[in-house]
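File shown here: protein_38.pdb, holding PDB, C-alpha atoms, pLDDT in the B column.
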```
ATOM      1  CA  MET U   1       6.470  -5.035 -21.610  1.00 42.00           C
ATOM      2  CA  ASP U   2       5.293  -1.422 -21.516  1.00 52.00           C
ATOM      3  CA  ARG U   3       5.755   0.385 -18.262  1.00 58.00           C
ATOM      4  CA  ILE U   4       2.446   1.397 -16.691  1.00 61.00           C
ATOM      5  CA  ASN U   5       2.323   4.791 -15.002  1.00 64.00           C
ATOM      6  CA  ALA U   6      -0.380   4.110 -12.424  1.00 66.00           C
ATOM      7  CA  HIS U   7      -1.793   6.834 -10.205  1.00 82.00           C
ATOM      8  CA  ILE U   8      -1.750   4.369  -7.275  1.00 89.00           C
ATOM      9  CA  ASP U   9       0.604   1.395  -7.115  1.00 91.00           C
ATOM     10  CA  TYR U  10       1.373  -1.266  -4.496  1.00 92.00           C
ATOM     11  CA  ARG U  11       4.431  -3.520  -4.403  1.00 92.00           C
ATOM     12  CA  VAL U  12       4.522  -6.520  -2.063  1.00 91.00           C
ATOM     13  CA  ASN U  13       8.025  -7.360  -0.857  1.00 90.00           C
ATOM     14  CA  THR U  14       8.814 -10.956   0.015  1.00 88.00           C
ATOM     15  CA  LYS U  15      11.714 -12.765   1.616  1.00 86.00           C
ATOM     16  CA  ASP U  16      12.026 -16.544   1.950  1.00 86.00           C
ATOM     17  CA  ASN U  17       8.433 -16.961   0.646  1.00 80.00           C
ATOM     18  CA  ASN U  18       7.019 -14.678   3.384  1.00 81.00           C
ATOM     19  CA  ASN U  19       5.366 -11.307   2.751  1.00 79.00           C
ATOM     20  CA  ILE U  20       7.265  -8.709   4.747  1.00 85.00           C
ATOM     21  CA  SER U  21       6.027  -5.302   3.580  1.00 92.00           C
ATOM     22  CA  ILE U  22       4.011  -3.330   1.030  1.00 94.00           C
ATOM     23  CA  GLU U  23       5.455  -0.266  -0.678  1.00 95.00           C
ATOM     24  CA  ILE U  24       2.885   2.370  -1.613  1.00 95.00           C
ATOM     25  CA  LYS U  25       2.973   4.898  -4.442  1.00 95.00           C
ATOM     26  CA  CYS U  26       0.234   7.536  -4.811  1.00 94.00           C
ATOM     27  CA  CYS U  27       0.042  10.662  -6.999  1.00 92.00           C
ATOM     28  CA  GLY U  28       3.374   9.693  -8.541  1.00 88.00           C
ATOM     29  CA  GLN U  29       5.253   9.812  -5.234  1.00 92.00           C
ATOM     30  CA  HIS U  30       6.605   7.020  -3.054  1.00 93.00           C
ATOM     31  CA  LEU U  31       4.795   7.203   0.312  1.00 93.00           C
ATOM     32  CA  GLY U  32       6.863   4.546   2.030  1.00 92.00           C
ATOM     33  CA  GLU U  33       6.077   1.057   3.176  1.00 92.00           C
ATOM     34  CA  ILE U  34       3.862  -0.649   5.704  1.00 92.00           C
ATOM     35  CA  ARG U  35       4.714  -3.883   7.498  1.00 89.00           C
ATOM     36  CA  PHE U  36       2.280  -6.768   7.698  1.00 86.00           C
ATOM     37  CA  LYS U  37       0.473  -5.614  10.862  1.00 87.00           C
ATOM     38  CA  ASP U  38      -3.281  -5.101  10.952  1.00 90.00           C
ATOM     39  CA  GLY U  39      -4.301  -1.448  10.745  1.00 91.00           C
ATOM     40  CA  GLN U  40      -1.033  -0.067   9.367  1.00 93.00           C
ATOM     41  CA  SER U  41      -1.613   2.899   7.020  1.00 93.00           C
ATOM     42  CA  ARG U  42       0.027   5.679   5.031  1.00 94.00           C
ATOM     43  CA  ASP U  43      -1.531   8.981   3.950  1.00 95.00           C
ATOM     44  CA  CYS U  44      -0.757  10.775   0.685  1.00 94.00           C
ATOM     45  CA  THR U  45       0.293  14.369   1.339  1.00 92.00           C
ATOM     46  CA  LEU U  46      -0.932  15.483  -2.103  1.00 92.00           C
ATOM     47  CA  CYS U  47      -4.472  14.062  -2.333  1.00 92.00           C
ATOM     48  CA  GLY U  48      -5.096  13.010   1.279  1.00 93.00           C
ATOM     49  CA  MET U  49      -5.892   9.384   0.357  1.00 93.00           C
ATOM     50  CA  ARG U  50      -5.331   6.931   3.229  1.00 95.00           C
ATOM     51  CA  HIS U  51      -4.006   3.496   2.224  1.00 95.00           C
ATOM     52  CA  GLN U  52      -4.718   0.985   4.982  1.00 94.00           C
ATOM     53  CA  LEU U  53      -3.842  -2.685   5.459  1.00 93.00           C
ATOM     54  CA  ARG U  54      -6.387  -5.057   6.981  1.00 92.00           C
ATOM     55  CA  ILE U  55      -5.387  -8.640   7.763  1.00 90.00           C
ATOM     56  CA  GLU U  56      -8.040 -11.382   7.943  1.00 89.00           C
ATOM     57  CA  HIS U  57      -7.336 -15.081   8.467  1.00 85.00           C
ATOM     58  CA  ASN U  58      -5.271 -16.187   5.444  1.00 85.00           C
ATOM     59  CA  HIS U  59      -5.485 -13.030   3.298  1.00 89.00           C
ATOM     60  CA  PHE U  60      -5.087  -9.264   3.422  1.00 90.00           C
ATOM     61  CA  HIS U  61      -6.905  -6.210   2.031  1.00 92.00           C
ATOM     62  CA  ILE U  62      -5.488  -2.853   1.006  1.00 92.00           C
ATOM     63  CA  ALA U  63      -8.233  -0.251   1.276  1.00 92.00           C
ATOM     64  CA  GLN U  64      -8.253   3.370   0.184  1.00 92.00           C
ATOM     65  CA  TYR U  65     -10.102   6.036   2.142  1.00 91.00           C
ATOM     66  CA  LYS U  66     -10.574   9.618   0.995  1.00 87.00           C
ATOM     67  CA  PRO U  67     -11.238  12.189   3.739  1.00 75.00           C
ATOM     68  CA  GLU U  68     -14.435  14.189   3.348  1.00 75.00           C
TER      69      GLU U  68
END
```

This structure in structure tokens:
Amino acid sequence: MDRINAHIDYRVNTKDNNNISIEIKCCGQHLGEIRFKDGQSRDCTLCGMRHQLRIEHNHFHIAQYKPE
């Protein structure tokens, strides 16, 4: 499989079949990880993009917000 060099990348970490965190990569740099808590976010220091986790019922969303 070819390695994909994505501008933005998310990796969901699991343990014992439970999601425990999401690692975030933006602009080629590792921003860190967020735990599965509603409203957690990380901001990219290069482009300013905010990556935010939103938890609803039995699923989650990862949204990207660019400051104006």

Would you mind telling me which residue in U:Arg50, U:Glu56, U:Glu33, U:Gln64 lies nearest to Ser21 in chain U when using only C-alpha atoms?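 Among the listed residues, the smallest separation from Ser21 in chain U belongs to U:Glu33.
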
What is the CA of Ile20 in chain U-CA of Arg54 in chain U distance in Å, reported with one decimal?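 CA of Arg54 in chain U lies 14.3 Å from CA of Ile20 in chain U.
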
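Running the PyMOL selection byres ((chain U and resi 43) around 10) on this file leaves Ile24, Cys26, Leu31, Gly32, Ser41, Arg42, Cys44, Thr45, Leu46, Cys47, Gly48, Met49, Arg50, His51, Gln52, Gln64, Tyr65 and Lys66 of chain U selected.
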
Rounded to one decimal place, report the CA of Phe36 in chain U-CA of Ile8 in chain U distance in Å. 19.1 Å

Coordinates of box centre and edge lengths for range 24-40 of chain U, 6 Å on every side, axis-aligned, as JSON:
```
{"center_x": 1.3, "center_y": 1.9, "center_z": 1.2, "size_x": 23.2, "size_y": 29.4, "size_z": 31.5}
```

Could you expand the PyMOL selection byres ((chain U and resi 38) around 6) into the explicit residues it covers here, written as a list in words? Lys37, Gly39, Gln40, Arg54 and Ile55 of chain U

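For the choices U:His30, U:His61, U:Lys25, U:Arg35, the atom-to-atom distance to Asp9 in chain U is smallest for U:Lys25 when using all atoms listed in the file.
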
Separating CA of His7 in chain U from CA of Cys27 in chain U, to the nearest tenth of an Å, is a gap of 5.3 Å
